[in-house]
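Undergrad: Quick one: this structure, given as structure tokens, is what I'll be asking you about.
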Protein chains: 4
Amino acid sequence: MDPAAVRVTVWGENLQEKTDPPVRAIYPLGMHTTIAEGIREHLGTAAEVRTATLDQPEHGLAEDVLANTDVLTWWGHRAHEEVDDRVVDRVQQRVLLGMGLVVLHSAHRSKIFRRLMGTTCLLRWRDAGEREVVWNVNPGHAAARGLPDAFVIPQQEMYGEYFDIPQPDELVFISSYAGGEVFRSGCAFHRGQGRIFYFSPGHETHPVYYQPEVRRVIANAVRWAGVGPLPAYATALQGVNSPTGWYLTPTGEALAGDETHPRAYA
Amino acid sequence: MDPAAVRVTVWGENLQEKTDPPVRAIYPLGMHTTIAEGIREHLGTAAEVRTATLDQPEHGLAEDVLANTDVLTWWGHRAHEEVDDRVVDRVQQRVLLGMGLVVLHSAHRSKIFRRLMGTTCLLRWRDAGEREVVWNVNPGHAAARGLPDAFVIPQQEMYGEYFDIPQPDELVFISSYAGGEVFRSGCAFHRGQGRIFYFSPGHETHPVYYQPEVRRVIANAVRWAGVGPLPAYATALQGVNSPTGWYLTPTGEALAGDETHPRAYA
Amino acid sequence: MDPAAVRVTVWGENLQEKTDPPVRAIYPLGMHTTIAEGIREHLGTAAEVRTATLDQPEHGLAEDVLANTDVLTWWGHRAHEEVDDRVVDRVQQRVLLGMGLVVLHSAHRSKIFRRLMGTTCLLRWRDAGEREVVWNVNPGHAAARGLPDAFVIPQQEMYGEYFDIPQPDELVFISSYAGGEVFRSGCAFHRGQGRIFYFSPGHETHPVYYQPEVRRVIANAVRWAGVGPLPAYATALQGVNSPTGWYLTPTGEALAGDETHPRAYA
Amino acid sequence: MDPAAVRVTVWGENLQEKTDPPVRAIYPLGMHTTIAEGIREHLGTAAEVRTATLDQPEHGLAEDVLANTDVLTWWGHRAHEEVDDRVVDRVQQRVLLGMGLVVLHSAHRSKIFRRLMGTTCLLRWRDAGEREVVWNVNPGHAAARGLPDAFVIPQQEMYGEYFDIPQPDELVFISSYAGGEVFRSGCAFHRGQGRIFYFSPGHETHPVYYQPEVRRVIANAVRWAGVGPLPAYATALQGVNSPTGWYLTPTGEALAGDETHPRAYA
């Protein structure tokens, strides 16, 4: 295994795939399996991809799993409220320390996304299998690499504005729908040292996660978000009390002989 | 009372003012009283100011109080964890619907600020009564109106970077301290329809809330944040399901006779 | 005249209105007259509105006109290159000092907008009289006040992404077109102390500037942008050399008796 | 040579190094040589570094040089006005098409930086050899990789706020000075498809470009900015006229057989 490979955990609710025949027909092994497959297809040995699901102990996201995850992708829909708050706390903590998070489609209402955004993350929607056109409004962004100006998803659930999120740090994609609605469908956020990418395509009753452009965006987002934890900042995120005497003199001289300085500033 | 007056509720923990003599000496009637006084001084009849404190029922923030509040200011320090989660939920909900929130000093660690930011909001600090210089880096911003390029707070607790917040939508003030540290001391955020302003000056053992420049910034921030709830968007914040048939035709014609249209788009 | 009224100058190229019969049929007195009328309609005595056109001496934008203008609106299309660079310099200078600028439709390619953005400001377009739906993605923004979630412009020139602008400081409107394209149609920027609002609706062969929602957005944008020059910062914009001895000592004491301090920090 | 190496051109004014003995004493081969050396030291075979100076034909920045440059670094001070406008046009064009630009110290007033920012880029300054502390306020940013929370530059020219730039897309470093001033010293911008990083340390009379932390920031910024031109968007940056009939039908069907579609959307 490439030691520099980005370690990806693809999390899926994996509920409707078991109970809902039309969903199972499209994703017989679960959406998480298809999403994982798409990432592997694009990143090859540059990624080490595993999956985790709601029904596993600790939802498959035990401490040691997260400690070895550079990027977590998240798809949920029906069971947001069944996700244990302790797991949400843990994921939030890891994101702030540098783990990437790629949030997909209906996971806009997941506990972890709402927690990190601070808003309701609600939106307008209509489930009528409409054409979505995904437009690139930020061609220099890593998540848009190799994609055309726009691409069409033939059938999708409509997600429309107003989408109640903080203004994205970088807006990458905007979609339109046959009904005339628009949506900020690719949004990049920075929280703590972590990178978060929300990408809206991906309904469970349409084969969206098999579409090459969608897979490429997700793989790009994983690569973009996968900068990995920054150990040096674990301390910064606990707050730092810099006692009297540690600080700099106007000339900076006093610090030369101050053995506590590295603890204050490193 | 001026019917267009901004309705302000100044919330204070009001704990150290009762138990800690040096704090009581500076703020005998509580910091909230002094902060309220400063707002009245600057906004006059353009503001209707009341106060609320931790020890009151529902911390003085019952439903009807918040329903009649355009801007809430928040100062807390020792008792963040004693604030009832139901009150935090309620305040967050109001902010997203358009109530302004001005967060002061040690309230960077309040439940409500962390909830709205999604990050730890931790920082570097040193309580040594140092000189702080507050620099204006956004002269066109409403919160900086009437302030000079910089002003000095003679004695302050040092708050330094790294400050774990999302990048502010508008950065207005940056402070430096005698020890050489820097801090993003005036930060504007938009969440939902609400405006949030974090302003760091204001330690309990220094008479910071009596200083004219500090009072002016807080009054400015209140005016900036006090745009008031936007009733039309209460619906948007609950999510909107636009059923099939409500959407626009390519020519827009079908909508002319569609009586459900206003519900979809208004 | 209300002494607090915002002083607005509506600039129009006023060329096609004279030479092109279909344009003259819609805007017999020039688009600038119709735009000015819409602002007066909404702001009443809160605005003092005059117009200026390309064919006037100095394009109607002599020093004293700009010195008495709080907000300038700009519509141009065919004759961008005929605008004198000295006038462009002058307008840029005023914007940086605090004059608001509302840039309309095809003025995305005006010299002044390109100058302030630093990019090409090019876009995708198609002149086929299509339906545009303007969606509000920032309900708390002053430019969106009183507008519904979305409104329809029955016939418009399509303006689509990629639109080569810096990421707006605040994105307020996104439009979709019958052809499936999307466009960041309402964009707020801060440059120096000035506020700039780009709003794309407004083609010369459609009666867009008579539509109530469009007029309201323009009036809102004028009010938002019209904070007026900040005289105190005229100096800051010339750079400030703070000679040795003017700066603060670590305790701030030396400044008390330093008569040069106000020059350094005020 | 590594075919994936980032191709860097280090541009220097190289004037004071020839005429001013104290500057020559520190940078006998020119500041550009020292800067280039620092980049090579950090990036090794991952970068291919050359230099160019003001006195060369076309300032060493002929079409073919820029066509083979992924990142340009720029240091200028005394001779901003001697830079040919045609070269400035050319550099701006390349940046918008995806070439990175790293702007150093006094180049805040270079024609190219002002052109791309649209503002005066003026600031406060004092040339008194003071201590500067550079604080990291964005630990997850690529430009901050491997740097401590803060580092000290023993002697520097003071650069202070207000700094007249558009709000950076990402603020990475803030500096304080012995005099109490602050400065946004590390600022990332996106313009067109290009990435721009402004980093303020680097005066000609102090050996700043020999300091390891400064070299690392510049190397980091080069790596961050060096994503390279995106050929697919050269077209987008010329504007795209999408004639009638090219656009999508509500079902997307018509496009299947539309041979012009790839020209519209690819």
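Just so we're on the same page: first chain in the structure tokens is A, next is B, and so on; residues restart at 1 for each chain, and ligands are numbered from 1 in the order they show up.
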So that I can check the secondary structure, give me every residue of range 41-248 of chain A assigned strand (DSSP E or B) by backbone DSSP, as a VMD selection string.
TA: chain A and resid 47 to 53 71 to 75 100 to 104 124 to 136 150 to 160 170 to 177 182 to 191 194 to 199 240 to 241
Undergrad: Can you check which residues of chain B have any atom within 7 Å of chain D? Use only C-alpha atoms and format it as a list in words.
TA: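 That gives Val133, Asn136, Val137, Glu161, Tyr162, Ser176, Gly180, Glu181 and Val182 of chain B for chain B.
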Undergrad: Would you kindly return, as a ChimeraX atom specification, each protein, DNA or RNA residue with an atom no farther than 9 Å from any atom of Leu104 in chain A, considering only C-alpha atoms and excluding same-chain residues fewer than 4 positions away?
TA: /A:73-76,108,197-202,218
Undergrad: Kindly give the distance, in Å, that separates CA of Val214 in chain A and CA of Val49 in chain A, rounded to a single decimal.
TA: 17.5 Å
Undergrad: Find the residues around Val217 in chain B up to 10 Å (only C-alpha atoms counted), leave out those fewer than 3 positions away in its own chain, and share them as a list in words.
TA: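 The contact residues come out as Gly38, Ile39, His42, Ala142, Ala143, Ala144, Arg145, Gly146, Leu147, Gly186, Phe199, Pro212, Glu213, Val214, Asn220, Ala221, Val222 and Arg223 of chain B.
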Undergrad: Tell me which protein, DNA and RNA residues are within 7 Å of Glu48 in chain D, counting only C-alpha atoms, leaving out same-chain ones fewer than 3 positions away, and put them as a VMD selection string.
TA: chain D and resid 5 to 8 45
Undergrad: Let's see if you can do this: from backbone DSSP, list all alpha helix (DSSP H) residues in range 7-76 of chain C, as JSON, numbers by chain.
TA: {"C": [16, 17, 18, 19, 21, 22, 23, 24, 25, 26, 31, 32, 33, 34, 35, 36, 37, 38, 39, 40, 41, 42, 43, 63, 64, 65, 66, 67]}
Undergrad: Write to file, as a short mmCIF file (atom, residue, chain, number, x, y, z; two decimals), in the first residue's frame, the residues of the selection just made, with N, CA, C and O atoms.
TA:
data_model
loop_
_atom_site.label_atom_id
_atom_site.label_comp_id
_atom_site.auth_asym_id
_atom_site.auth_seq_id
_atom_site.Cartn_x
_atom_site.Cartn_y
_atom_site.Cartn_z
N GLN C 16 -27.92 53.43 -27.89
CA GLN C 16 -28.88 52.62 -28.63
C GLN C 16 -30.29 53.21 -28.54
O GLN C 16 -31.10 53.03 -29.43
N GLU C 17 -30.55 53.93 -27.46
CA GLU C 17 -31.86 54.57 -27.32
C GLU C 17 -32.09 55.61 -28.42
O GLU C 17 -33.23 55.95 -28.74
N LYS C 18 -30.99 56.14 -28.98
CA LYS C 18 -31.14 57.16 -30.01
C LYS C 18 -31.08 56.57 -31.42
O LYS C 18 -31.67 57.10 -32.34
N THR C 19 -30.35 55.47 -31.58
CA THR C 19 -30.10 54.95 -32.93
C THR C 19 -30.89 53.70 -33.27
O THR C 19 -30.98 53.33 -34.43
N PRO C 21 -34.36 51.78 -33.19
CA PRO C 21 -35.81 51.96 -32.94
C PRO C 21 -36.42 51.03 -31.89
O PRO C 21 -37.17 51.52 -31.04
N PRO C 22 -36.13 49.72 -31.90
CA PRO C 22 -36.76 48.89 -30.86
C PRO C 22 -36.37 49.32 -29.45
O PRO C 22 -37.18 49.25 -28.53
N VAL C 23 -35.16 49.77 -29.29
CA VAL C 23 -34.73 50.23 -27.97
C VAL C 23 -35.44 51.54 -27.62
O VAL C 23 -35.95 51.72 -26.53
N ARG C 24 -35.51 52.43 -28.62
CA ARG C 24 -36.17 53.71 -28.38
C ARG C 24 -37.65 53.52 -28.04
O ARG C 24 -38.22 54.25 -27.23
N ALA C 25 -38.25 52.52 -28.67
CA ALA C 25 -39.67 52.25 -28.41
C ALA C 25 -39.90 51.91 -26.93
O ALA C 25 -40.90 52.30 -26.34
N ILE C 26 -38.96 51.20 -26.35
CA ILE C 26 -39.11 50.80 -24.94
C ILE C 26 -38.66 51.92 -24.00
O ILE C 26 -39.30 52.20 -22.99
N MET C 31 -32.64 54.79 -21.14
CA MET C 31 -32.73 53.87 -20.01
C MET C 31 -32.42 54.56 -18.69
O MET C 31 -33.00 54.23 -17.66
N HIS C 32 -31.48 55.50 -18.70
CA HIS C 32 -31.10 56.19 -17.47
C HIS C 32 -32.31 56.89 -16.83
O HIS C 32 -32.46 56.91 -15.62
N THR C 33 -33.19 57.43 -17.69
CA THR C 33 -34.38 58.11 -17.16
C THR C 33 -35.30 57.11 -16.45
O THR C 33 -35.83 57.38 -15.37
N THR C 34 -35.46 55.95 -17.05
CA THR C 34 -36.32 54.92 -16.47
C THR C 34 -35.72 54.38 -15.17
O THR C 34 -36.44 54.16 -14.19
N ILE C 35 -34.42 54.18 -15.18
CA ILE C 35 -33.75 53.68 -13.97
C ILE C 35 -33.88 54.72 -12.84
O ILE C 35 -34.20 54.38 -11.70
N ALA C 36 -33.66 55.98 -13.19
CA ALA C 36 -33.77 57.05 -12.19
C ALA C 36 -35.19 57.11 -11.61
O ALA C 36 -35.38 57.26 -10.40
N GLU C 37 -36.16 56.95 -12.48
CA GLU C 37 -37.56 56.95 -12.08
C GLU C 37 -37.85 55.84 -11.07
O GLU C 37 -38.55 56.05 -10.07
N GLY C 38 -37.31 54.67 -11.33
CA GLY C 38 -37.52 53.53 -10.43
C GLY C 38 -36.91 53.77 -9.06
O GLY C 38 -37.47 53.37 -8.03
N ILE C 39 -35.77 54.43 -9.03
CA ILE C 39 -35.12 54.71 -7.74
C ILE C 39 -35.95 55.74 -6.97
O ILE C 39 -36.21 55.59 -5.79
N ARG C 40 -36.40 56.77 -7.69
CA ARG C 40 -37.24 57.80 -7.04
C ARG C 40 -38.53 57.18 -6.49
O ARG C 40 -38.97 57.51 -5.40
N GLU C 41 -39.10 56.30 -7.27
CA GLU C 41 -40.35 55.63 -6.88
C GLU C 41 -40.19 54.92 -5.54
O GLU C 41 -41.07 54.98 -4.68
N HIS C 42 -39.06 54.26 -5.34
CA HIS C 42 -38.87 53.49 -4.11
C HIS C 42 -38.30 54.31 -2.96
O HIS C 42 -38.67 54.08 -1.82
N LEU C 43 -37.39 55.21 -3.25
CA LEU C 43 -36.72 55.92 -2.16
C LEU C 43 -37.36 57.28 -1.86
O LEU C 43 -37.12 57.86 -0.80
N GLU C 63 -15.53 66.45 -11.70
CA GLU C 63 -15.09 66.34 -10.29
C GLU C 63 -16.20 66.70 -9.31
O GLU C 63 -16.48 65.98 -8.36
N ASP C 64 -16.84 67.87 -9.55
CA ASP C 64 -17.83 68.33 -8.57
C ASP C 64 -19.08 67.47 -8.55
O ASP C 64 -19.75 67.37 -7.54
N VAL C 65 -19.40 66.84 -9.68
CA VAL C 65 -20.55 65.93 -9.69
C VAL C 65 -20.24 64.73 -8.79
O VAL C 65 -21.03 64.36 -7.90
N LEU C 66 -19.08 64.13 -9.00
CA LEU C 66 -18.73 62.96 -8.19
C LEU C 66 -18.56 63.33 -6.72
O LEU C 66 -18.92 62.55 -5.83
N ALA C 67 -18.03 64.53 -6.48
CA ALA C 67 -17.85 64.96 -5.08
C ALA C 67 -19.19 65.08 -4.36
O ALA C 67 -19.24 65.06 -3.13
#
Undergrad: Between CA of Ala225 in chain D and CA of Ser185 in chain D, what is the distance, to one decimal in Å?
TA: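 So the answer is 16.8 Å.
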Undergrad: Applying 9 Å and only C-alpha atoms, which residues near Thr119 in chain D remain after dropping the ones on its own chain fewer than 3 positions away? List them as an NGL selection string.
TA: (:C and (92-93 or 96 or 115-117 or 191-192)) or (:D and (114-116 or 122 or 164-166))
Undergrad: May I have the selected residues written with N, CA and C atoms, as a PDB file, in the first residue's frame?
TA:
ATOM      1  N   GLN C  92     -13.025  55.407 -10.027  1.00  0.00           N
ATOM      2  CA  GLN C  92     -12.379  54.393  -9.174  1.00  0.00           C
ATOM      3  C   GLN C  92     -11.926  55.020  -7.859  1.00  0.00           C
ATOM      4  N   GLN C  93     -11.275  56.166  -7.965  1.00  0.00           N
ATOM      5  CA  GLN C  93     -10.787  56.887  -6.788  1.00  0.00           C
ATOM      6  C   GLN C  93     -11.936  57.191  -5.815  1.00  0.00           C
ATOM      7  N   LEU C  96     -13.192  54.019  -4.049  1.00  0.00           N
ATOM      8  CA  LEU C  96     -12.299  53.581  -2.976  1.00  0.00           C
ATOM      9  C   LEU C  96     -12.446  54.474  -1.741  1.00  0.00           C
ATOM     10  N   ARG C 115     -11.864  47.426 -13.974  1.00  0.00           N
ATOM     11  CA  ARG C 115     -10.801  48.056 -13.197  1.00  0.00           C
ATOM     12  C   ARG C 115     -10.902  47.667 -11.713  1.00  0.00           C
ATOM     13  N   LEU C 116     -12.111  47.680 -11.210  1.00  0.00           N
ATOM     14  CA  LEU C 116     -12.288  47.402  -9.780  1.00  0.00           C
ATOM     15  C   LEU C 116     -12.214  45.907  -9.465  1.00  0.00           C
ATOM     16  N   MET C 117     -12.525  45.070 -10.433  1.00  0.00           N
ATOM     17  CA  MET C 117     -12.499  43.632 -10.198  1.00  0.00           C
ATOM     18  C   MET C 117     -11.109  43.017 -10.452  1.00  0.00           C
ATOM     19  N   ARG C 191     -14.669  47.384  -1.945  1.00  0.00           N
ATOM     20  CA  ARG C 191     -13.346  47.763  -2.443  1.00  0.00           C
ATOM     21  C   ARG C 191     -12.998  49.095  -1.805  1.00  0.00           C
ATOM     22  N   GLY C 192     -11.854  49.160  -1.101  1.00  0.00           N
ATOM     23  CA  GLY C 192     -11.540  50.348  -0.331  1.00  0.00           C
ATOM     24  C   GLY C 192     -12.665  50.544   0.669  1.00  0.00           C
TER      25      GLY C 192
ATOM     26  N   ARG D 114      -1.692  45.887  -8.075  1.00  0.00           N
ATOM     27  CA  ARG D 114      -2.795  46.857  -8.073  1.00  0.00           C
ATOM     28  C   ARG D 114      -3.810  46.520  -9.167  1.00  0.00           C
ATOM     29  N   ARG D 115      -3.295  46.106 -10.318  1.00  0.00           N
ATOM     30  CA  ARG D 115      -4.185  45.736 -11.420  1.00  0.00           C
ATOM     31  C   ARG D 115      -5.125  44.607 -11.029  1.00  0.00           C
ATOM     32  N   LEU D 116      -4.568  43.600 -10.360  1.00  0.00           N
ATOM     33  CA  LEU D 116      -5.374  42.425 -10.016  1.00  0.00           C
ATOM     34  C   LEU D 116      -6.290  42.682  -8.820  1.00  0.00           C
ATOM     35  N   LEU D 122      -2.346  50.614  -0.760  1.00  0.00           N
ATOM     36  CA  LEU D 122      -1.507  51.405   0.132  1.00  0.00           C
ATOM     37  C   LEU D 122      -1.624  50.895   1.566  1.00  0.00           C
ATOM     38  N   ASP D 164      -5.041  48.692   2.025  1.00  0.00           N
ATOM     39  CA  ASP D 164      -6.193  48.847   1.122  1.00  0.00           C
ATOM     40  C   ASP D 164      -6.241  47.764   0.046  1.00  0.00           C
ATOM     41  N   ILE D 165      -6.678  46.584   0.458  1.00  0.00           N
ATOM     42  CA  ILE D 165      -6.861  45.450  -0.454  1.00  0.00           C
ATOM     43  C   ILE D 165      -8.302  44.941  -0.310  1.00  0.00           C
ATOM     44  N   PRO D 166      -8.806  44.239  -1.329  1.00  0.00           N
ATOM     45  CA  PRO D 166     -10.080  43.540  -1.119  1.00  0.00           C
ATOM     46  C   PRO D 166      -9.895  42.511  -0.007  1.00  0.00           C
TER      47      PRO D 166
END
Undergrad: If you measure from CA of Gly118 in chain B to CA of Phe173 in chain C, what distance in Å do you get, rounded to one decimal?
TA: 25.8 Å
Undergrad: Counting only C-alpha atoms, what is within 6 Å of Gln193 in chain D, bar same-chain residues fewer than 5 positions away, as a list in words?
TA: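 The neighbour list is Gly140 of chain A; Leu96, Leu97 and Gly98 of chain D.
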